[in-house]
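Here is entry36.csv, consisting of CSV, C-alpha atoms:
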chain,number,residue,atom,x,y,z
A,18,MET,CA,0.0,0.0,0.0
A,19,LEU,CA,1.3,3.4,-0.9
A,20,SER,CA,2.1,5.5,2.1
A,21,ILE,CA,4.7,7.7,3.8
A,22,LEU,CA,7.8,5.5,4.6
A,23,ASN,CA,10.2,5.8,7.6
A,24,GLU,CA,14.0,5.9,7.6
A,25,SER,CA,14.1,2.1,7.0
A,26,GLY,CA,11.5,2.1,4.2
A,27,GLN,CA,8.6,0.9,6.4
A,28,PRO,CA,5.1,2.4,6.3
A,29,VAL,CA,4.3,5.0,8.9
A,30,ASP,CA,1.4,7.4,9.5
A,31,GLY,CA,3.6,10.5,9.3
A,32,ILE,CA,7.1,12.0,9.3
A,33,PHE,CA,8.6,15.4,10.1
A,34,LEU,CA,12.1,16.6,8.9
A,35,TYR,CA,14.0,19.8,9.6
A,36,LYS,CA,17.0,20.2,7.3
A,37,ALA,CA,20.0,22.2,8.8
A,38,PRO,CA,21.5,24.9,6.7
A,39,LYS,CA,25.1,24.9,5.3
A,40,ILE,CA,26.3,27.4,7.9
A,41,HIS,CA,29.3,25.8,9.5
A,42,PRO,CA,32.2,23.8,7.8
A,43,GLN,CA,31.2,20.6,9.7
A,44,PHE,CA,27.7,20.7,8.1
A,45,SER,CA,27.1,19.8,4.5
A,46,GLY,CA,23.6,21.4,4.5
A,47,TYR,CA,21.9,18.0,4.0
A,48,GLU,CA,21.8,16.8,7.6
A,49,TYR,CA,18.4,16.8,9.1
A,50,VAL,CA,16.3,16.2,12.2
A,51,TYR,CA,13.7,13.4,12.0
A,52,ALA,CA,10.6,12.6,13.9
A,53,SER,CA,7.8,10.2,13.0
A,54,SER,CA,4.5,8.8,14.3
A,55,GLU,CA,6.0,5.5,15.2
A,56,ASN,CA,7.9,7.0,18.1
A,57,ASP,CA,5.2,9.6,19.0
A,58,TRP,CA,7.0,12.3,17.1
A,59,LYS,CA,10.1,12.5,19.3
A,60,PRO,CA,12.8,14.3,17.2
A,61,GLY,CA,16.4,13.3,16.8
A,62,ALA,CA,19.4,13.6,14.4
A,63,SER,CA,19.0,11.3,11.4
A,64,GLN,CA,21.8,9.0,10.3
A,65,HIS,CA,21.0,9.8,6.7
A,66,ARG,CA,21.4,12.9,4.6
A,67,LEU,CA,19.0,14.4,2.0
A,68,ASP,CA,21.6,14.1,-0.8
A,69,GLN,CA,21.9,10.4,-0.3
A,70,ALA,CA,19.8,7.6,-1.7
A,71,SER,CA,18.5,6.6,1.7
A,72,GLY,CA,16.3,7.9,4.5
A,73,ALA,CA,12.6,8.6,4.8
A,74,VAL,CA,12.1,11.2,2.0
A,75,HIS,CA,14.1,9.1,-0.5
A,76,GLU,CA,12.3,5.9,0.5
A,77,THR,CA,8.9,7.6,0.2
A,78,LEU,CA,9.5,9.2,-3.2
A,79,ALA,CA,11.1,6.1,-4.6
A,80,GLN,CA,7.7,4.5,-4.6
A,81,LEU,CA,6.7,6.8,-7.4
A,82,GLN,CA,9.0,5.1,-9.9
A,83,GLY,CA,7.9,2.1,-11.9
A,84,SER,CA,4.6,1.2,-10.2
A,85,GLU,CA,1.7,0.5,-12.6
A,86,ASN,CA,-0.9,1.8,-10.1
A,87,VAL,CA,0.7,5.0,-8.7
A,88,SER,CA,-0.2,8.5,-9.8
A,89,TYR,CA,1.4,11.7,-8.5
A,90,ILE,CA,1.5,15.4,-8.8
A,91,LEU,CA,4.7,17.4,-8.1
A,92,TYR,CA,4.3,21.2,-7.5
A,93,ASN,CA,6.7,23.9,-6.6
A,94,ASP,CA,6.8,27.7,-7.0
A,95,GLU,CA,10.4,27.3,-8.1
A,96,ARG,CA,10.5,24.7,-10.9
A,97,PRO,CA,13.5,22.2,-11.1
A,98,ASP,CA,13.2,21.8,-14.8
A,99,GLY,CA,14.7,25.1,-15.9
A,100,LYS,CA,11.4,26.5,-17.3
A,101,SER,CA,10.2,29.9,-16.2
A,102,ASP,CA,8.2,30.2,-13.0
A,103,VAL,CA,4.8,31.9,-13.1
A,104,GLY,CA,4.4,34.4,-10.3
A,105,SER,CA,0.6,34.2,-10.2
A,106,PHE,CA,0.7,30.6,-9.0
A,107,GLY,CA,0.8,29.9,-5.3
A,108,HIS,CA,3.8,30.0,-3.1
A,109,THR,CA,3.4,26.3,-2.3
A,110,LYS,CA,5.5,23.2,-2.6
A,111,GLY,CA,4.8,19.5,-2.3
A,112,VAL,CA,3.9,16.1,-3.6
A,113,LEU,CA,0.5,14.3,-3.8
A,114,ALA,CA,0.6,10.6,-4.6
A,115,TRP,CA,-2.0,7.9,-4.6
A,116,ASP,CA,-2.5,4.2,-5.6
A,117,SER,CA,-5.6,3.5,-7.8
A,118,VAL,CA,-5.9,-0.1,-6.4
A,119,THR,CA,-5.5,0.4,-2.6
A,120,LYS,CA,-7.1,4.0,-2.7
A,121,ALA,CA,-4.3,5.1,-0.3
A,122,GLY,CA,-1.4,7.6,-0.7
A,123,PHE,CA,0.4,10.4,0.9
A,124,TRP,CA,0.9,14.2,1.0
A,125,LEU,CA,4.5,15.5,1.4
A,126,LEU,CA,4.4,19.3,2.1
A,127,HIS,CA,7.9,20.9,2.1
A,128,SER,CA,9.7,24.3,1.7
A,129,TRP,CA,12.6,23.2,-0.6
A,130,PRO,CA,12.8,25.1,-4.0
A,131,LYS,CA,13.4,22.9,-7.1
A,132,PHE,CA,12.5,19.7,-5.3
A,133,PRO,CA,11.8,16.9,-6.0
A,134,VAL,CA,12.9,15.5,-9.3
A,135,ILE,CA,11.9,11.8,-9.6
A,136,GLY,CA,15.0,9.7,-9.8
A,137,ALA,CA,17.4,12.6,-9.4
A,138,VAL,CA,20.9,11.9,-8.1
A,139,VAL,CA,21.6,15.6,-7.3
A,140,ALA,CA,19.8,17.4,-4.5
A,141,PRO,CA,18.9,21.2,-4.6
A,142,THR,CA,20.9,23.8,-2.8
A,143,PRO,CA,22.0,22.9,0.8
A,144,ASP,CA,22.4,26.6,1.8
A,145,TYR,CA,19.2,27.1,3.9
A,146,GLY,CA,17.2,25.3,6.5
A,147,GLN,CA,14.0,23.5,5.1
A,148,THR,CA,11.0,21.7,6.7
A,149,PHE,CA,9.1,18.7,5.5
A,150,LEU,CA,5.9,17.1,6.7
A,151,GLY,CA,4.6,13.8,5.2
A,152,LEU,CA,1.2,12.2,6.0
A,153,SER,CA,-0.3,9.0,4.9
A,154,VAL,CA,-3.9,9.6,3.8
A,155,ASP,CA,-6.7,7.9,1.8
A,156,SER,CA,-8.0,8.8,-1.6
A,157,LEU,CA,-11.0,10.7,-0.3
A,158,THR,CA,-8.7,12.9,1.8
A,159,LEU,CA,-6.5,13.5,-1.2
A,160,GLN,CA,-9.6,14.6,-3.2
A,161,SER,CA,-10.5,17.1,-0.5
A,162,ILE,CA,-6.9,18.4,-0.4
A,163,ALA,CA,-7.0,18.8,-4.1
A,164,THR,CA,-10.3,20.7,-3.9
A,165,GLN,CA,-8.9,23.1,-1.4
A,166,MET,CA,-5.7,23.6,-3.5
A,167,MET,CA,-7.7,24.5,-6.6
A,168,ALA,CA,-9.6,27.1,-4.6
A,169,CYS,CA,-6.7,28.6,-2.7
A,170,GLN,CA,-3.1,27.4,-3.1
A,171,ASN,CA,-3.1,27.3,-6.9
A,172,PRO,CA,0.1,25.2,-7.1
A,173,GLN,CA,2.5,25.4,-10.0
A,174,VAL,CA,2.5,21.8,-11.2
A,175,TYR,CA,5.7,20.9,-13.1
A,176,ASP,CA,5.4,17.1,-13.3
A,177,CYS,CA,2.6,14.6,-12.9
A,178,ARG,CA,1.6,11.1,-13.8
A,179,ILE,CA,-2.2,10.6,-14.1
A,180,LEU,CA,-3.4,7.0,-14.6
A,181,ASP,CA,-6.8,5.7,-15.4
A,182,GLY,CA,-9.2,5.7,-12.4
A,183,THR,CA,-7.7,8.9,-11.0
A,184,PRO,CA,-10.4,10.9,-9.2
A,185,ASP,CA,-11.7,14.0,-11.0
A,186,GLU,CA,-10.4,16.4,-8.4
A,187,LEU,CA,-6.8,15.2,-8.8
A,188,LYS,CA,-7.1,15.3,-12.6
A,189,ALA,CA,-8.3,18.9,-12.4
A,190,LEU,CA,-5.5,19.9,-10.1
A,191,ALA,CA,-2.9,18.3,-12.3
A,192,ASN,CA,-4.3,20.1,-15.3
A,193,GLY,CA,-4.5,23.5,-13.6
A,194,HIS,CA,-8.3,23.8,-13.6
A,195,TRP,CA,-8.7,26.2,-10.7
A,196,ASP,CA,-12.0,27.4,-9.3
A,197,THR,CA,-10.8,30.9,-10.1
A,198,HIS,CA,-9.3,30.1,-13.5
A,199,GLY,CA,-9.3,33.1,-15.8
A,200,LEU,CA,-10.1,35.6,-13.0
A,201,ASP,CA,-7.7,38.3,-11.9
A,202,ASP,CA,-7.3,39.5,-8.3
A,203,THR,CA,-9.9,42.2,-8.7
A,204,HIS,CA,-12.6,39.7,-9.4
A,205,GLN,CA,-11.5,36.7,-7.3
A,206,PRO,CA,-13.4,36.4,-4.0
A,207,GLY,CA,-10.9,36.4,-1.1
A,208,GLN,CA,-10.8,33.0,0.6
A,209,PHE,CA,-9.2,31.7,3.8
A,210,THR,CA,-10.3,28.1,4.2
A,211,ARG,CA,-10.1,25.3,6.8
A,212,PHE,CA,-10.4,21.6,6.1
A,213,ASP,CA,-10.3,19.0,8.9
A,214,HIS,CA,-8.9,15.5,8.1
A,215,LYS,CA,-7.4,12.4,9.6
A,216,THR,CA,-4.5,10.3,8.5
A,217,ILE,CA,-4.9,6.7,7.7
A,218,GLY,CA,-3.8,5.9,11.3
A,219,GLY,CA,-6.4,8.3,12.7
A,220,MET,CA,-4.3,11.3,13.6
A,221,PRO,CA,-6.4,14.5,13.2
A,222,PHE,CA,-4.9,17.4,11.2
A,223,THR,CA,-6.2,20.6,9.8
A,224,VAL,CA,-5.3,22.3,6.5
A,225,PHE,CA,-5.5,26.1,6.4
A,226,ALA,CA,-5.1,27.9,3.1
A,227,LYS,CA,-5.6,31.3,1.5
A,228,ASN,CA,-5.9,32.5,-2.1
A,229,SER,CA,-4.2,35.5,-3.6
A,230,ALA,CA,-7.2,37.7,-3.2
A,231,TRP,CA,-7.6,37.3,0.6
A,232,ASN,CA,-5.0,40.0,1.1
A,233,ASP,CA,-4.2,39.6,4.8
A,234,ASP,CA,-1.3,38.1,6.8
A,235,PHE,CA,-1.8,34.3,6.6
A,236,TRP,CA,-0.3,33.6,10.0
A,237,ASN,CA,-1.4,36.5,12.2
A,238,ASP,CA,-4.8,37.2,10.6
A,239,GLY,CA,-5.7,33.6,9.6
A,240,VAL,CA,-4.1,30.7,11.4
A,241,GLY,CA,-3.7,32.4,14.8
A,242,PRO,CA,-7.3,33.4,15.3
A,243,ALA,CA,-8.5,30.1,13.8
A,244,VAL,CA,-6.6,28.0,16.3
A,245,ASP,CA,-7.2,30.6,19.1
A,246,ASP,CA,-3.5,30.7,20.1
A,247,GLU,CA,-0.4,32.8,19.8
A,248,LEU,CA,2.1,31.6,17.2
A,249,GLU,CA,5.9,31.7,17.0
A,250,CYS,CA,6.5,31.8,13.3
A,251,GLU,CA,9.7,31.0,11.5
A,252,THR,CA,9.6,31.8,7.8
A,253,TRP,CA,11.7,33.3,5.0
A,254,VAL,CA,11.7,37.0,6.0
A,255,ARG,CA,12.6,39.4,3.2
A,256,GLY,CA,11.2,42.7,2.2
A,257,ALA,CA,8.4,44.5,4.0
A,258,MET,CA,7.0,42.8,7.1
A,259,PRO,CA,3.4,42.7,8.3
A,260,LEU,CA,2.2,44.8,11.2
A,261,THR,CA,2.4,43.1,14.6
A,262,VAL,CA,-1.4,43.4,14.9
A,263,ASP,CA,-4.1,42.6,12.4
A,264,ARG,CA,-6.9,44.9,11.1
A,265,HIS,CA,-8.9,44.3,14.3
A,266,GLY,CA,-5.9,45.4,16.5
A,267,VAL,CA,-5.3,41.8,17.5
A,268,ALA,CA,-1.7,40.3,17.6
A,269,ARG,CA,-1.3,36.6,17.1
A,270,ALA,CA,2.2,36.1,15.8
A,271,ILE,CA,5.8,36.7,16.9
A,272,ASP,CA,8.7,36.1,14.5
A,273,VAL,CA,11.4,33.7,15.3
A,274,LYS,CA,14.9,35.1,14.7
A,275,PHE,CA,17.2,32.2,15.7
A,276,ILE,CA,16.9,28.4,15.7
A,277,ASN,CA,18.8,26.3,18.2
A,278,MET,CA,18.7,22.8,16.7
A,279,GLY,CA,20.3,21.3,19.8
A,280,ALA,CA,16.9,20.8,21.3
A,281,LEU,CA,16.0,18.7,18.2
A,282,GLY,CA,19.2,16.7,18.0
A,283,ILE,CA,21.7,18.6,15.9
A,284,HIS,CA,24.0,21.0,17.7
A,285,VAL,CA,23.9,24.1,15.5
A,286,VAL,CA,22.4,27.5,16.0
A,287,PHE,CA,21.5,29.8,13.0
A,288,PRO,CA,19.6,33.0,12.3
A,289,GLU,CA,16.4,33.2,10.3
A,290,THR,CA,18.4,34.6,7.4
A,291,ALA,CA,19.9,31.1,7.0
A,292,ASP,CA,16.5,29.4,7.2
A,293,HIS,CA,14.0,28.8,4.4
A,294,ALA,CA,11.6,26.7,6.6
A,295,LYS,CA,8.0,27.7,7.1
A,296,HIS,CA,6.7,26.6,10.4
A,297,ALA,CA,5.1,27.8,13.6
A,298,ILE,CA,4.2,26.5,17.0
A,299,GLY,CA,1.4,27.6,19.4
A,300,LYS,CA,2.1,29.1,22.8
A,301,ASP,CA,-0.4,26.9,24.7
A,302,PRO,CA,1.2,23.6,25.9
A,303,ASN,CA,-2.3,22.1,26.4
A,304,LYS,CA,-2.9,22.5,22.6
A,305,ALA,CA,0.8,21.7,21.6
A,306,LEU,CA,0.2,22.9,18.1
A,307,ILE,CA,2.7,22.4,15.3
A,308,CYS,CA,2.2,24.2,12.0
A,309,VAL,CA,4.2,23.2,8.9
A,310,GLY,CA,3.5,25.3,5.8
A,311,ASP,CA,4.8,26.8,2.6
A,312,ILE,CA,4.0,30.5,2.8
A,313,ASN,CA,6.1,33.3,4.4
A,314,ARG,CA,5.0,36.0,6.8
A,315,MET,CA,5.7,38.9,4.5
A,316,ILE,CA,3.7,41.6,2.9
A,317,SER,CA,4.5,40.3,-0.6
A,318,GLN,CA,3.0,36.9,0.2
A,319,ARG,CA,-0.4,38.4,0.6
A,320,LYS,CA,-0.7,38.2,-3.2
A,321,ARG,CA,0.2,34.5,-3.3
A,322,GLY,CA,-1.8,31.4,-2.5
A,323,GLY,CA,-0.5,29.1,0.2
A,324,GLY,CA,-1.2,27.2,3.3
A,325,CYS,CA,-0.1,25.0,6.2
A,326,ILE,CA,-0.9,21.7,8.0
A,327,VAL,CA,-1.6,22.0,11.8
A,328,PHE,CA,-1.5,19.0,14.2
A,329,SER,CA,-1.0,18.5,17.9
A,330,ASN,CA,1.8,16.5,19.6
A,331,LEU,CA,3.4,17.3,22.9
A,332,ASN,CA,6.8,15.7,22.2
A,333,LEU,CA,7.5,17.6,19.0
A,334,TRP,CA,6.0,20.8,20.3
A,335,SER,CA,8.2,20.7,23.4
A,336,ALA,CA,11.3,20.3,21.3
A,337,MET,CA,10.3,23.0,18.9
A,338,SER,CA,9.5,25.4,21.7
A,339,LYS,CA,13.1,25.1,22.9
A,340,ALA,CA,14.5,25.4,19.4
A,341,ASP,CA,12.6,28.6,18.6
A,342,MET,CA,14.2,31.9,19.8
A,343,ILE,CA,11.9,34.8,19.3
A,344,GLN,CA,12.7,38.4,19.0
A,345,PRO,CA,11.1,40.1,22.0
A,346,MET,CA,10.1,43.7,21.6
A,347,ASP,CA,12.3,46.3,23.4
A,348,GLY,CA,14.6,43.8,25.0
A,349,GLN,CA,11.8,41.9,26.7
A,350,SER,CA,12.0,38.3,27.8
A,351,ARG,CA,10.1,35.6,25.9
A,352,GLU,CA,7.4,35.7,28.6
A,353,GLU,CA,7.2,39.5,28.5
A,354,ALA,CA,6.9,39.5,24.7
A,355,HIS,CA,4.0,37.0,24.9
A,356,ALA,CA,2.4,39.0,27.7
A,357,HIS,CA,2.5,42.1,25.5
A,358,ILE,CA,0.8,40.3,22.7
A,359,GLN,CA,-1.8,38.9,25.1
A,360,LYS,CA,-2.9,42.4,25.9
A,361,THR,CA,-4.2,42.8,22.4
A,362,HIS,CA,-6.0,39.4,22.4
A,363,VAL,CA,-9.4,40.8,22.0
A,364,LYS,CA,-11.5,38.6,19.8
A,365,PRO,CA,-13.1,40.5,17.0
A,366,THR,CA,-16.9,40.7,17.1
Translate this structure into structure tokens?
Amino acid sequence: MLSILNESGQPVDGIFLYKAPKIHPQFSGYEYVYASSENDWKPGASQHRLDQASGAVHETLAQLQGSENVSYILYNDERPDGKSDVGSFGHTKGVLAWDSVTKAGFWLLHSWPKFPVIGAVVAPTPDYGQTFLGLSVDSLTLQSIATQMMACQNPQVYDCRILDGTPDELKALANGHWDTHGLDDTHQPGQFTRFDHKTIGGMPFTVFAKNSAWNDDFWNDGVGPAVDDELECETWVRGAMPLTVDRHGVARAIDVKFINMGALGIHVVFPETADHAKHAIGKDPNKALICVGDINRMISQRKRGGGCIVFSNLNLWSAMSKADMIQPMDGQSREEAHAHIQKTHVKPT
């Protein structure tokens, strides 16, 4: 049965990877932290590298080669095939794959430009940190994901394999048949959507996504209020930054400025300028929310579609909360920074 595979090539419900950047001579930029559902998402340093033909990502993607029953869609806002990127497509990256016989498959959401190329022996740039989240899901869930993508994320599909028996929603996604096809931003309705799902193993997860016409900060104005929690966000920060409060005067997001991977299993500290990951964690330990996405917290990203997956796990959340080092305002401590934000937590009426 097609699914996410672990480091040994065995089926699992889900995996999380955080690739370290090439920031010190002792790091190639392909080392990564790994966690999976089979050990309750406890992270640790992997014995594999992402430029080697081994490890969970390689094992998972290797299933797409040679099978008579497997279809897939590869999408990335930075194509690996040398063709020009289309800026009106979403800022979103990932792989959808399914088996027409078993009706099962997976979704691998990631942040790595120009990745993947099926069967490639050379990996993309090692320079920056990257995140990956892979979940094993059934065909009906994949159809729902595809429907949301057509309405909001609008991915740039650069490679696909569509076999007979493929559900219509996945065919339409592969062919670029968006719900808003042919409409410019002045005519598109703004959408911020939420879809709740479960993995094949029964783990609940939520997908949040916005389209290019929504025109608000995805993390502060969308995800934060939707999960009713404060978020510590680590994304690619370039250009103009959003305000610290949304249009209702409510603040929900603080930007992470440094990552200490020692809490995750790799002893390296790096600034957000060396990180291309897109992730956030909630403040509330009772919720223990982890968000893995593909869109940045920048003004320019308001005109791009994109989204994130949110799930709850205390082990991974605890490690990530130690890894994230936020930038407090005016020299405040982490607790004081959150207290400052808490003062603006007035729910809009």
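From CA of Met278 (chain A) back to CA of Lys300 (chain A), the distance works out to 18.8 Å.
Checking A:Ala243, A:Ala336, A:Cys250, A:Val154 one by one against Phe123 (chain A), counting only C-alpha atoms, you find the shortest gap at A:Val154.
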List every residue of region 138-202 of chain A that has an atom at most 10 Å from any atom of region 284-292 of chain A, and for each one report the closest atom pair and its distance in Å to one decimal, counting all atoms listed in the file, with rows sorted by chain and then by increasing residue number, as a Markdown table.
| residue | atom | partner | partner_atom | distance |
| --- | --- | --- | --- | --- |
| A:Asp144 | CA | A:Ala291 | CA | 7.3 |
| A:Tyr145 | CA | A:Asp292 | CA | 4.8 |
| A:Gly146 | CA | A:Asp292 | CA | 4.2 |
| A:Gln147 | CA | A:Asp292 | CA | 6.7 |
| A:Thr148 | CA | A:Asp292 | CA | 9.5 |
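Ranking A:Leu152, A:Ala140, A:Leu180, A:Met18 by their shortest atom-to-atom distance to Thr223 (chain A), with only C-alpha atoms included, puts A:Leu152 first.
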If you count all atoms listed in the file, which residues fall within 7 Å of Phe132 (chain A), apart from same-chain ones fewer than 3 positions away, as a short mmCIF file (atom, residue, chain, number, x, y, z; two decimals) with C-alpha atoms, in the frame of the given file?
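As written to disk, part-v3.cif reads:
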data_model
loop_
_atom_site.label_atom_id
_atom_site.label_comp_id
_atom_site.auth_asym_id
_atom_site.auth_seq_id
_atom_site.Cartn_x
_atom_site.Cartn_y
_atom_site.Cartn_z
CA PRO A 97 13.50 22.20 -11.10
CA TRP A 129 12.60 23.20 -0.60
CA PRO A 141 18.90 21.20 -4.60
#
Using only C-alpha atoms, which residues sit within 12 Å of Lys215 (chain A) once same-chain residues fewer than 2 positions away are excluded, as a PyMOL selection string? chain A and resi 30-31+123+152-159+161-162+212-213+217-224+326-328
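Here the question is which of A:Phe44, A:Phe33, A:Trp58, A:Trp115 gets nearest to Asn86 (chain A) using only C-alpha atoms, and that residue is A:Trp115.
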Please work out which residues fall within 6 Å of (11.4, 17.8, 3.4), coordinates as given in the file, with all atoms listed in the file counting, and return them as a list in words. Leu34, His127, Thr148 and Phe149 of chain A
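The interatomic distance for the pair CA of Thr210 (chain A) and CA of Lys304 (chain A) works out to 20.6 Å.
Distance check against Ala79 (chain A) using only C-alpha atoms: of A:Gly136, A:Gly122, A:Pro184, A:Gly310, the minimum falls on A:Gly136.
Distance annotation: of A:Ser45, A:Asn23, A:Arg321, A:Gly279, the residue with the minimal separation from Asn232 (chain A) is A:Arg321; atom set is all atoms listed in the file.
Separating CA of Leu150 (chain A) from CA of Leu333 (chain A) is a distance of 12.4 Å.
Close contacts of Arg319 (chain A), defined as residues with an atom at most 9 Å away when counting only C-alpha atoms, with chain neighbours fewer than 6 positions off set aside, comprise A:Lys227, A:Asn228, A:Ser229, A:Ala230, A:Trp231, A:Asn232, A:Asp233, A:Asp234, A:Phe235.
When the distance limit is 7 Å and only C-alpha atoms are what count, the residues near Gly72 (chain A), minus those fewer than 5 positions from it on the same chain, are A:Glu24, A:Ser25, A:His65.
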Would you output that residue set with C-alpha atoms, as a CSV table (one decimal), in the frame of the given file?
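Listing of part24.csv after writing:
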chain,number,residue,atom,x,y,z
A,24,GLU,CA,14.0,5.9,7.6
A,25,SER,CA,14.1,2.1,7.0
A,65,HIS,CA,21.0,9.8,6.7
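Considering the residues A:Ala114, A:Ile316, A:Leu22, A:Ala340 and counting only C-alpha atoms, Tyr35 (chain A) has its shortest atom-to-atom contact with A:Ala340.
Within 10 Å of the point (-0.5, 20.6, 26.6), and counting all atoms listed in the file, the protein, DNA and RNA residues are Lys300, Asp301, Pro302, Asn303, Lys304, Ala305, Leu306, Ser329, Asn330, Leu331, Asn332, Trp334 and Ser335 of chain A.
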Would you mind exporting C-alpha atoms of the selected residues as a short mmCIF file (atom, residue, chain, number, x, y, z; two decimals), in the coordinates of the input?
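As written to disk, result_34.cif reads:
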data_model
loop_
_atom_site.label_atom_id
_atom_site.label_comp_id
_atom_site.auth_asym_id
_atom_site.auth_seq_id
_atom_site.Cartn_x
_atom_site.Cartn_y
_atom_site.Cartn_z
CA LYS A 300 2.10 29.10 22.80
CA ASP A 301 -0.40 26.90 24.70
CA PRO A 302 1.20 23.60 25.90
CA ASN A 303 -2.30 22.10 26.40
CA LYS A 304 -2.90 22.50 22.60
CA ALA A 305 0.80 21.70 21.60
CA LEU A 306 0.20 22.90 18.10
CA SER A 329 -1.00 18.50 17.90
CA ASN A 330 1.80 16.50 19.60
CA LEU A 331 3.40 17.30 22.90
CA ASN A 332 6.80 15.70 22.20
CA TRP A 334 6.00 20.80 20.30
CA SER A 335 8.20 20.70 23.40
#
Set the distance at 12 Å and use all atoms listed in the file: which residues neighbour Val87 (chain A) once local chain neighbours fewer than 2 positions away are removed? I'd like the list as number ranges by chain. A: 18-20, 78-85, 89-90, 113-123, 156, 177-183
